[in-house]
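> This is entry03.txt, which holds compact mmCIF, C-alpha atoms:
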```
# COMPACT_ATOMS: atom_id res chain seq x y z
CA MET A 1428 -49.70 -45.98 -255.76
CA SER A 1429 -49.75 -47.59 -252.32
CA THR A 1430 -46.34 -46.23 -251.22
CA ALA A 1431 -47.29 -42.77 -252.40
CA LEU A 1432 -50.66 -42.95 -250.64
CA VAL A 1433 -48.95 -44.04 -247.41
CA ALA A 1434 -46.66 -41.01 -247.59
CA ALA A 1435 -49.58 -38.67 -248.29
CA LEU A 1436 -51.59 -40.11 -245.40
CA ILE A 1437 -48.66 -39.76 -243.03
CA GLY A 1438 -48.30 -36.10 -244.07
CA LEU A 1439 -51.99 -35.54 -243.36
CA ALA A 1440 -51.74 -37.36 -240.03
CA ASP A 1441 -48.67 -35.28 -239.13
CA ASP A 1442 -50.67 -32.08 -239.69
CA HIS A 1443 -53.21 -33.27 -237.14
CA LEU A 1444 -50.76 -34.64 -234.59
CA ILE A 1445 -48.49 -31.60 -234.61
CA LEU A 1446 -51.29 -29.02 -234.54
CA GLY A 1447 -53.12 -31.06 -231.91
CA HIS A 1448 -49.96 -31.07 -229.80
CA ARG A 1449 -49.55 -27.31 -230.22
CA LEU A 1450 -53.14 -26.72 -229.17
CA SER A 1451 -52.76 -28.99 -226.15
CA GLU A 1452 -50.04 -26.65 -224.90
CA TRP A 1453 -52.84 -24.22 -224.01
CA CYS A 1454 -54.29 -26.69 -221.50
CA GLY A 1455 -54.19 -24.93 -218.13
CA HIS A 1456 -53.09 -21.62 -219.71
CA ALA A 1457 -56.15 -20.44 -221.64
CA PRO A 1458 -57.46 -16.92 -220.97
CA MET A 1459 -60.69 -18.28 -219.51
CA LEU A 1460 -61.89 -21.61 -218.16
CA GLU A 1461 -64.36 -22.14 -221.00
CA GLU A 1462 -61.58 -21.94 -223.60
CA ASP A 1463 -59.36 -24.09 -221.43
CA LEU A 1464 -61.82 -26.86 -222.20
CA ALA A 1465 -62.66 -25.84 -225.77
CA MET A 1466 -59.06 -25.87 -227.06
CA PRO A 1467 -58.09 -29.26 -225.63
CA ASN A 1468 -61.43 -30.56 -227.00
CA ILE A 1469 -60.28 -29.51 -230.46
CA ALA A 1470 -56.80 -30.92 -229.80
CA LEU A 1471 -58.31 -34.28 -228.87
CA ASP A 1472 -60.38 -34.32 -232.06
CA LEU A 1473 -57.24 -33.62 -234.11
CA ILE A 1474 -55.20 -36.30 -232.36
CA GLY A 1475 -58.06 -38.76 -232.82
CA GLN A 1476 -58.05 -38.03 -236.54
CA ALA A 1477 -54.26 -38.45 -236.61
CA ARG A 1478 -54.59 -41.86 -234.94
CA GLY A 1479 -57.02 -43.10 -237.56
CA LEU A 1480 -54.79 -41.90 -240.37
CA TYR A 1481 -51.56 -43.29 -238.89
CA THR A 1482 -53.16 -46.66 -238.22
CA TYR A 1483 -54.51 -46.89 -241.75
CA ALA A 1484 -51.20 -45.74 -243.26
CA GLY A 1485 -49.39 -48.39 -241.22
CA GLU A 1486 -51.78 -51.09 -242.43
CA LEU A 1487 -51.37 -50.07 -246.07
CA GLU A 1488 -47.60 -49.95 -245.70
CA GLY A 1489 -47.52 -53.44 -244.16
CA ALA A 1490 -44.12 -52.89 -242.53
CA GLY A 1491 -45.34 -53.34 -238.97
CA ARG A 1492 -45.38 -49.65 -238.04
CA ASP A 1493 -48.34 -48.82 -235.79
CA GLU A 1494 -49.74 -45.44 -234.79
CA ASP A 1495 -47.28 -45.03 -231.90
CA THR A 1496 -44.23 -45.88 -233.99
CA LEU A 1497 -45.29 -43.36 -236.59
CA ALA A 1498 -46.22 -40.65 -234.11
CA PHE A 1499 -43.25 -40.95 -231.77
CA GLY A 1500 -40.55 -42.90 -233.54
CA ARG A 1501 -39.40 -40.71 -236.42
CA LEU A 1502 -36.77 -38.04 -236.81
CA GLU A 1503 -37.67 -34.44 -237.61
CA ARG A 1504 -37.02 -34.71 -241.34
CA ALA A 1505 -39.44 -37.65 -241.61
CA TYR A 1506 -42.37 -35.51 -240.41
CA ARG A 1507 -44.23 -34.06 -243.36
CA ASN A 1508 -46.71 -31.64 -241.76
CA LEU A 1509 -47.54 -28.20 -243.09
CA LEU A 1510 -45.39 -25.49 -241.51
CA ILE A 1511 -48.43 -23.60 -240.16
CA CYS A 1512 -49.18 -26.56 -237.87
CA GLU A 1513 -45.84 -26.37 -236.06
CA LEU A 1514 -45.64 -22.60 -235.52
CA PRO A 1515 -45.52 -21.59 -231.86
CA ASN A 1516 -48.92 -20.67 -230.42
CA GLY A 1517 -48.15 -16.98 -229.94
CA ASP A 1518 -51.06 -15.23 -228.26
CA PHE A 1519 -54.70 -16.30 -228.23
CA ALA A 1520 -55.48 -14.31 -231.40
CA GLN A 1521 -52.70 -16.06 -233.31
CA THR A 1522 -53.80 -19.49 -232.11
CA MET A 1523 -57.43 -18.85 -233.03
CA LEU A 1524 -56.63 -17.48 -236.47
CA ARG A 1525 -54.34 -20.43 -237.26
CA GLN A 1526 -57.03 -22.83 -236.10
CA PHE A 1527 -59.65 -21.02 -238.18
CA TYR A 1528 -57.48 -21.25 -241.30
CA PHE A 1529 -56.76 -24.93 -240.72
CA ALA A 1530 -60.31 -25.93 -239.78
CA THR A 1531 -61.75 -24.11 -242.80
CA PHE A 1532 -59.31 -25.96 -245.02
CA MET A 1533 -59.90 -29.34 -243.41
CA HIS A 1534 -63.68 -28.95 -243.48
CA LEU A 1535 -63.50 -28.51 -247.26
CA PHE A 1536 -60.95 -31.32 -247.53
CA TRP A 1537 -62.96 -33.87 -245.54
CA GLN A 1538 -66.14 -33.03 -247.48
CA LYS A 1539 -64.30 -34.13 -250.64
CA VAL A 1540 -62.79 -37.20 -248.98
CA GLU A 1541 -66.25 -38.35 -247.87
CA CYS A 1542 -66.72 -39.28 -251.53
CA SER A 1543 -63.30 -40.98 -251.79
CA THR A 1544 -63.04 -44.25 -253.70
CA ASP A 1545 -61.19 -45.58 -250.63
CA THR A 1546 -63.92 -46.65 -248.19
CA THR A 1547 -61.69 -46.54 -245.09
CA LEU A 1548 -60.70 -42.96 -245.82
CA ALA A 1549 -64.31 -42.07 -246.57
CA ALA A 1550 -65.28 -43.44 -243.15
CA ILE A 1551 -62.55 -41.41 -241.41
CA ALA A 1552 -63.77 -38.35 -243.30
CA ALA A 1553 -67.42 -38.89 -242.35
CA LYS A 1554 -66.48 -38.55 -238.67
CA ALA A 1555 -63.87 -35.83 -239.12
CA VAL A 1556 -66.06 -33.56 -241.24
CA LYS A 1557 -68.41 -32.89 -238.33
CA GLU A 1558 -65.53 -32.17 -235.99
CA ALA A 1559 -63.86 -29.81 -238.47
CA GLN A 1560 -67.14 -28.02 -239.06
CA TYR A 1561 -67.46 -27.29 -235.34
CA HIS A 1562 -63.81 -26.18 -235.07
CA ARG A 1563 -64.34 -23.81 -237.98
CA ARG A 1564 -67.44 -22.32 -236.44
CA HIS A 1565 -65.91 -21.89 -232.99
CA CYS A 1566 -62.70 -20.31 -234.25
CA ALA A 1567 -64.51 -18.07 -236.76
CA GLU A 1568 -66.64 -16.66 -233.93
CA TRP A 1569 -63.48 -15.81 -232.01
CA VAL A 1570 -61.80 -14.24 -235.05
CA ILE A 1571 -64.89 -12.04 -235.49
CA ARG A 1572 -65.07 -11.05 -231.83
CA LEU A 1573 -61.35 -10.32 -231.52
CA GLY A 1574 -61.09 -8.49 -234.86
CA ASP A 1575 -64.16 -6.40 -234.09
CA GLY A 1576 -63.56 -6.27 -230.33
CA THR A 1577 -61.47 -3.92 -228.21
CA ASP A 1578 -58.61 -1.78 -229.52
CA GLU A 1579 -56.10 -4.26 -228.17
CA SER A 1580 -57.81 -7.38 -229.54
CA ALA A 1581 -58.07 -5.74 -232.99
CA VAL A 1582 -54.35 -4.90 -232.98
CA ARG A 1583 -53.43 -8.41 -231.92
CA MET A 1584 -55.67 -10.00 -234.54
CA HIS A 1585 -54.19 -7.73 -237.19
CA GLU A 1586 -50.70 -8.82 -236.14
CA ALA A 1587 -51.76 -12.45 -236.31
CA VAL A 1588 -53.02 -11.94 -239.87
CA THR A 1589 -49.66 -10.49 -240.93
CA LEU A 1590 -47.70 -13.16 -239.11
CA LEU A 1591 -49.58 -16.12 -240.58
CA ALA A 1592 -49.90 -14.74 -244.12
CA PRO A 1593 -46.77 -16.53 -245.43
CA TYR A 1594 -48.03 -19.90 -244.16
CA THR A 1595 -51.46 -20.27 -245.78
CA GLY A 1596 -50.21 -20.77 -249.33
CA GLU A 1597 -48.78 -24.18 -248.44
CA PHE A 1598 -52.30 -25.57 -247.93
CA PHE A 1599 -52.83 -25.50 -251.69
CA ILE A 1600 -49.49 -26.71 -252.99
CA ALA A 1601 -50.11 -30.18 -254.37
CA ASP A 1602 -48.26 -32.88 -252.43
CA PRO A 1603 -45.88 -34.48 -254.95
CA GLU A 1604 -46.42 -37.79 -253.16
CA ALA A 1605 -50.18 -37.67 -253.62
CA GLY A 1606 -50.38 -37.55 -257.41
CA GLY A 1607 -51.38 -41.19 -257.93
CA ALA A 1608 -53.93 -41.11 -255.13
CA VAL A 1609 -55.52 -37.99 -256.61
CA ALA A 1610 -55.72 -39.59 -260.05
CA ALA A 1611 -57.43 -42.65 -258.54
CA GLY A 1612 -60.04 -40.51 -256.76
CA VAL A 1613 -58.73 -41.44 -253.32
CA LEU A 1614 -57.65 -37.92 -252.37
CA PRO A 1615 -58.99 -34.58 -253.67
CA GLN A 1616 -57.06 -32.25 -255.90
CA ILE A 1617 -55.90 -29.78 -253.30
CA GLN A 1618 -55.74 -26.70 -255.52
CA THR A 1619 -59.48 -26.92 -256.23
CA LEU A 1620 -60.24 -26.14 -252.58
CA GLN A 1621 -58.63 -22.70 -252.66
CA PRO A 1622 -61.52 -20.59 -254.04
CA ALA A 1623 -63.97 -21.87 -251.42
CA TRP A 1624 -61.38 -21.41 -248.65
CA GLN A 1625 -60.62 -17.88 -249.81
CA ALA A 1626 -64.33 -17.00 -249.99
CA ASP A 1627 -64.93 -18.29 -246.46
CA VAL A 1628 -61.95 -16.37 -245.06
CA GLU A 1629 -63.06 -13.18 -246.81
CA GLN A 1630 -66.56 -13.50 -245.38
CA VAL A 1631 -65.29 -13.94 -241.82
CA PHE A 1632 -62.73 -11.14 -242.22
CA ALA A 1633 -65.47 -8.80 -243.40
CA ALA A 1634 -67.53 -9.59 -240.30
CA ALA A 1635 -64.41 -9.15 -238.17
CA LYS A 1636 -63.57 -5.81 -239.83
CA LEU A 1637 -60.15 -7.23 -240.64
CA ALA A 1638 -58.17 -6.33 -243.75
CA LEU A 1639 -57.11 -9.27 -245.87
CA PRO A 1640 -53.36 -9.91 -245.78
CA GLN A 1641 -51.25 -8.72 -248.68
CA ALA A 1642 -50.01 -11.42 -251.00
CA VAL A 1643 -46.63 -12.57 -249.74
CA TYR A 1644 -44.20 -15.31 -250.65
CA ALA A 1645 -45.61 -18.65 -249.50
CA GLN A 1646 -43.31 -20.52 -247.14
CA LYS A 1647 -43.15 -24.18 -247.99
CA GLY A 1648 -41.12 -27.28 -247.31
CA GLY A 1649 -43.14 -29.03 -244.62
CA ARG A 1650 -44.33 -31.71 -247.02
CA ARG A 1651 -40.69 -32.46 -247.85
CA GLY A 1652 -39.60 -32.60 -244.21
CA LEU A 1653 -37.99 -29.15 -244.19
CA HIS A 1654 -39.22 -27.55 -240.99
CA THR A 1655 -39.01 -24.31 -239.05
CA GLU A 1656 -36.78 -23.83 -236.04
CA ALA A 1657 -39.75 -24.49 -233.76
CA MET A 1658 -40.22 -28.10 -234.88
CA GLY A 1659 -37.25 -29.66 -233.06
CA HIS A 1660 -38.34 -28.15 -229.77
CA LEU A 1661 -41.89 -29.40 -230.29
CA LEU A 1662 -40.70 -32.95 -231.03
CA ALA A 1663 -38.42 -32.93 -227.98
CA GLN A 1664 -41.53 -32.56 -225.83
CA LEU A 1665 -43.80 -34.74 -227.94
CA GLN A 1666 -41.37 -37.67 -228.09
CA PHE A 1667 -39.78 -37.43 -224.65
CA MET A 1668 -41.61 -40.31 -222.99
CA GLN A 1669 -41.23 -42.75 -225.89
CA ARG A 1670 -37.55 -41.86 -226.31
CA SER A 1671 -36.90 -42.32 -222.60
CA PHE A 1672 -38.99 -45.45 -222.16
CA PRO A 1673 -39.39 -47.04 -225.60
CA ASP A 1674 -42.68 -48.87 -226.19
CA MET A 1675 -44.04 -47.80 -222.82
CA THR A 1676 -47.80 -47.97 -222.37
CA TRP A 1677 -50.19 -46.85 -219.65
CA MET B 405 -62.10 -4.39 -214.23
CA SER B 406 -62.08 -8.09 -213.52
CA GLU B 407 -62.98 -10.68 -216.12
CA ALA B 408 -66.11 -11.61 -214.18
CA GLU B 409 -67.40 -8.04 -214.44
CA GLU B 410 -66.62 -7.77 -218.14
CA ILE B 411 -67.97 -11.13 -219.30
CA PRO B 412 -71.57 -12.01 -218.43
CA LEU B 413 -72.57 -15.19 -216.63
CA TRP B 414 -74.92 -17.70 -218.26
CA GLU B 415 -76.89 -20.63 -216.87
CA VAL B 416 -76.77 -23.85 -218.84
CA PHE B 417 -79.63 -26.35 -219.28
CA ILE B 418 -79.18 -29.67 -221.02
CA ARG B 419 -81.72 -32.18 -222.29
CA PRO B 420 -80.07 -35.59 -222.06
CA ARG B 421 -82.58 -37.61 -224.10
CA ASN B 422 -85.69 -37.24 -226.17
CA GLY B 423 -88.74 -37.01 -223.96
CA LEU B 424 -86.91 -35.59 -220.95
CA ALA B 425 -86.94 -31.97 -219.83
CA HIS B 426 -83.93 -29.65 -219.97
CA ARG B 427 -82.16 -29.66 -216.62
CA HIS B 428 -79.93 -27.06 -215.09
CA CYS B 429 -76.36 -28.35 -215.05
CA GLY B 430 -74.16 -25.34 -214.29
CA SER B 431 -73.02 -21.94 -215.40
CA LEU B 432 -70.26 -20.33 -217.44
CA HIS B 433 -68.89 -17.01 -218.65
CA ALA B 434 -69.31 -15.93 -222.27
CA ALA B 435 -69.36 -12.64 -224.16
CA ASP B 436 -72.66 -13.26 -225.95
CA ALA B 437 -75.33 -15.85 -226.67
CA GLU B 438 -73.56 -17.62 -229.54
CA MET B 439 -70.31 -17.99 -227.57
CA ALA B 440 -72.27 -19.12 -224.51
CA LEU B 441 -73.89 -21.90 -226.53
CA GLN B 442 -70.53 -23.07 -227.85
CA ALA B 443 -68.93 -22.90 -224.41
CA ALA B 444 -71.85 -24.90 -222.99
CA ARG B 445 -71.28 -27.55 -225.62
CA ASP B 446 -67.55 -27.64 -224.84
CA VAL B 447 -67.82 -27.55 -221.06
CA TYR B 448 -70.92 -29.65 -220.35
CA THR B 449 -71.42 -32.17 -223.18
CA ARG B 450 -67.94 -33.71 -223.41
CA ARG B 451 -69.17 -37.18 -222.41
CA GLY B 452 -72.25 -37.41 -224.56
CA GLU B 453 -74.55 -35.84 -221.97
CA GLY B 454 -76.81 -33.94 -224.27
CA LEU B 455 -79.02 -33.72 -227.32
CA SER B 456 -80.05 -30.11 -226.79
CA VAL B 457 -78.62 -27.13 -224.91
CA TRP B 458 -80.22 -23.95 -223.60
CA VAL B 459 -78.30 -20.99 -222.24
CA ILE B 460 -79.92 -18.15 -220.35
CA PRO B 461 -78.29 -14.97 -219.00
CA SER B 462 -78.00 -15.49 -215.25
CA ALA B 463 -79.11 -11.90 -214.74
CA GLN B 464 -82.47 -12.80 -216.28
CA ILE B 465 -83.28 -15.34 -213.58
CA VAL B 466 -85.52 -14.04 -210.82
CA ALA B 467 -84.79 -15.96 -207.63
CA SER B 468 -86.52 -16.15 -204.28
CA ASP B 469 -84.75 -14.49 -201.36
CA PRO B 470 -83.08 -17.07 -199.07
CA GLN B 471 -84.28 -15.01 -196.10
CA ASP B 472 -87.88 -15.62 -197.19
CA ARG B 473 -87.43 -19.37 -197.02
CA ASP B 474 -89.46 -19.84 -193.84
CA LEU B 475 -92.40 -17.74 -194.91
CA LEU B 476 -92.52 -19.19 -198.40
CA PHE B 477 -91.99 -22.87 -197.76
CA ASP B 478 -92.67 -23.76 -194.13
CA PRO B 479 -96.47 -23.51 -194.51
CA ALA B 480 -96.38 -26.56 -196.81
CA ASP B 481 -94.69 -28.74 -194.19
CA ASP B 482 -97.79 -29.69 -192.20
CA LYS B 483 -100.16 -30.27 -195.11
CA ILE B 484 -99.49 -33.92 -195.53
CA TYR B 485 -102.93 -34.40 -197.11
CA ARG B 486 -101.49 -32.87 -200.25
CA HIS B 487 -99.33 -35.94 -200.72
CA PRO B 488 -101.38 -38.70 -202.34
CA SER B 489 -100.03 -41.27 -199.91
CA PHE B 490 -103.32 -42.48 -198.46
CA TYR B 491 -104.45 -44.50 -201.41
CA ASN B 492 -104.06 -48.24 -201.61
CA ILE B 493 -102.55 -49.08 -204.96
CA PRO B 494 -103.29 -52.59 -206.31
CA ASP B 495 -100.12 -54.61 -206.79
CA ASP B 496 -100.95 -55.11 -210.45
CA VAL B 497 -100.51 -51.41 -211.12
CA GLY B 498 -96.81 -51.51 -210.22
CA HIS B 499 -94.93 -48.23 -210.05
CA MET B 500 -96.99 -45.21 -210.91
```
Please express the file's structure as structure tokens.


Amino acid sequence: MSTALVAALIGLADDHLILGHRLSEWCGHAPMLEEDLAMPNIALDLIGQARGLYTYAGELEGAGRDEDTLAFGRLERAYRNLLICELPNGDFAQTMLRQFYFATFMHLFWQKVECSTDTTLAAIAAKAVKEAQYHRRHCAEWVIRLGDGTDESAVRMHEAVTLLAPYTGEFFIADPEAGGAVAAGVLPQIQTLQPAWQADVEQVFAAAKLALPQAVYAQKGGRRGLHTEAMGHLLAQLQFMQRSFPDMTW
Amino acid sequence: MSEAEEIPLWEVFIRPRNGLAHRHCGSLHAADAEMALQAARDVYTRRGEGLSVWVIPSAQIVASDPQDRDLLFDPADDKIYRHPSFYNIPDDVGHM
């Protein structure tokens, strides 16, 4: 099970690293100063969670890979993050809706992992669950205000809903690598989180006066290393320093 | 219309520890009370500064006119007897 758990943890860590990197791209470009601090705050939480997961995965693997090697030293196909995490930021509405979807999912996920039979993971979850809960609240408030805001913000939020619709199904596709860990009670059965996630999204959409997206084909492949066109460009930035000056520290 | 005109200004007060009073620490822009509270958390408590946050619409604060400073505050300058500095405090008492 250990090899499979390592792979599942790296996939989970990749979600947080890649989305955290995306969010950090807003630093200095947010529509208002307050959000220019709020979004990097969330990004730092996500990267902190990624660090814990990478470090633990490296320990379990026992092959001498530390958090930096895992974060910066792999090729594109070795990253196993969900596709929604690597999508370009788009406008503020798109970024907030993506973050709301992800935070809602992760809040449910970490609540389950708090009861994991693996005590290290349970400890990571105990910290992360509070962070995810705040992210969910913050982003939900923005989704409501943009959806039920001005004519322009409503149009943009509606476009974001349509654009992201193909990428939410992948949350609930069981990771083939994680089967053993699920059976051992280390990780939750991902499909069981969907009803609660759906209910939460519906509640926020109702408050935001947003129509739910039509059911569309769910894009998938991230967990197998099959990424969108955007991923290579993201990694070029993310890995630049370590590729140019291997093992550098500061 | 500029952003400043559209989005109201709020004053932020933070209580750093139990037993202390909330202290003014700055201001921010937010569309409404809930967003102001979240922005205050994100902008002013990043380094563990607070246990409690208040936000108040800046427009609700009634302030003294700077031009009235002399008439309001100068009369207190020469009333040194209001400062309890004439008492001898026994050493044993320490700081009061």

> Could you write out as AutoDock Vina command-line options the box around stretch 480-485 of chain B (axis-aligned, all atoms listed in the file, 5 Å on each side), with centre and edge lengths in Å to one decimal?


```
--center_x -98.8 --center_y -30.5 --center_z -194.7 --size_x 18.2 --size_y 17.8 --size_z 14.9
```

> Once you count all atoms listed in the file, which residues of chain B turn out to be within 10 Å of chain A? Could you give them as a ChimeraX atom specification?

/B:407,432-436,438-440,442-448,450

> Tell me, as a PyMOL selection string, which residues lie within 10 Å of stretch 454-456 of chain B, counting only C-alpha atoms; anything in the same chain fewer than 5 positions away does not count.

chain B and resi 417-422+425-426+445+448-449

> Could you give me, as a PyMOL selection string, the residues within 10 Å of A:His1534, counting all atoms listed in the file and dropping anything in the same chain fewer than 5 positions from it?

chain A and resi 1529+1539-1540+1552+1555-1563+1624

> Hey, what's within 12 Å of B:Gln464 if we count only C-alpha atoms and toss same-chain stuff fewer than 6 positions away? As a PyMOL selection string, please?

chain B and resi 412-415

> With C-alpha atoms kept, could you save the residues just selected as a short mmCIF file (atom, residue, chain, number, x, y, z; two decimals), in the coordinates of the input?


```
data_model
loop_
_atom_site.label_atom_id
_atom_site.label_comp_id
_atom_site.auth_asym_id
_atom_site.auth_seq_id
_atom_site.Cartn_x
_atom_site.Cartn_y
_atom_site.Cartn_z
CA PRO B 412 -71.57 -12.01 -218.43
CA LEU B 413 -72.57 -15.19 -216.63
CA TRP B 414 -74.92 -17.70 -218.26
CA GLU B 415 -76.89 -20.63 -216.87
#
```

> State, in Å with one decimal place, the distance from atom CA of B:Arg451 to atom CA of A:Arg1478.

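One can read the atom CA of B:Arg451 to atom CA of A:Arg1478 distance as 19.8 Å.
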
> Suppose you want the space between atom CA of A:Asp1575 and atom CA of A:Leu1509; what is it in Å?

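That distance, rounded to one decimal, is 28.9 Å.
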
> Between A:Leu1614, A:Met1668, A:Ala1657, A:Ala1440, which one has atoms that come closest to A:Thr1546, using all atoms listed in the file?

A:Leu1614

> Which value, in Å to one decimal, gives the distance between atom CA of A:Ala1484 and atom CA of A:Pro1603?

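Distance reported for this atom pair: 17.1 Å.
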
> List the spatial neighbours of A:Phe1519 as a list in words - criterion: any atom at most 10 Å away, all atoms listed in the file, same-chain residues fewer than 5 positions off excluded.

Trp1453, Ala1457, Pro1458, Leu1524, Arg1525, Trp1569, Leu1573, Ser1580, Arg1583, Met1584 and Ala1587 of chain A
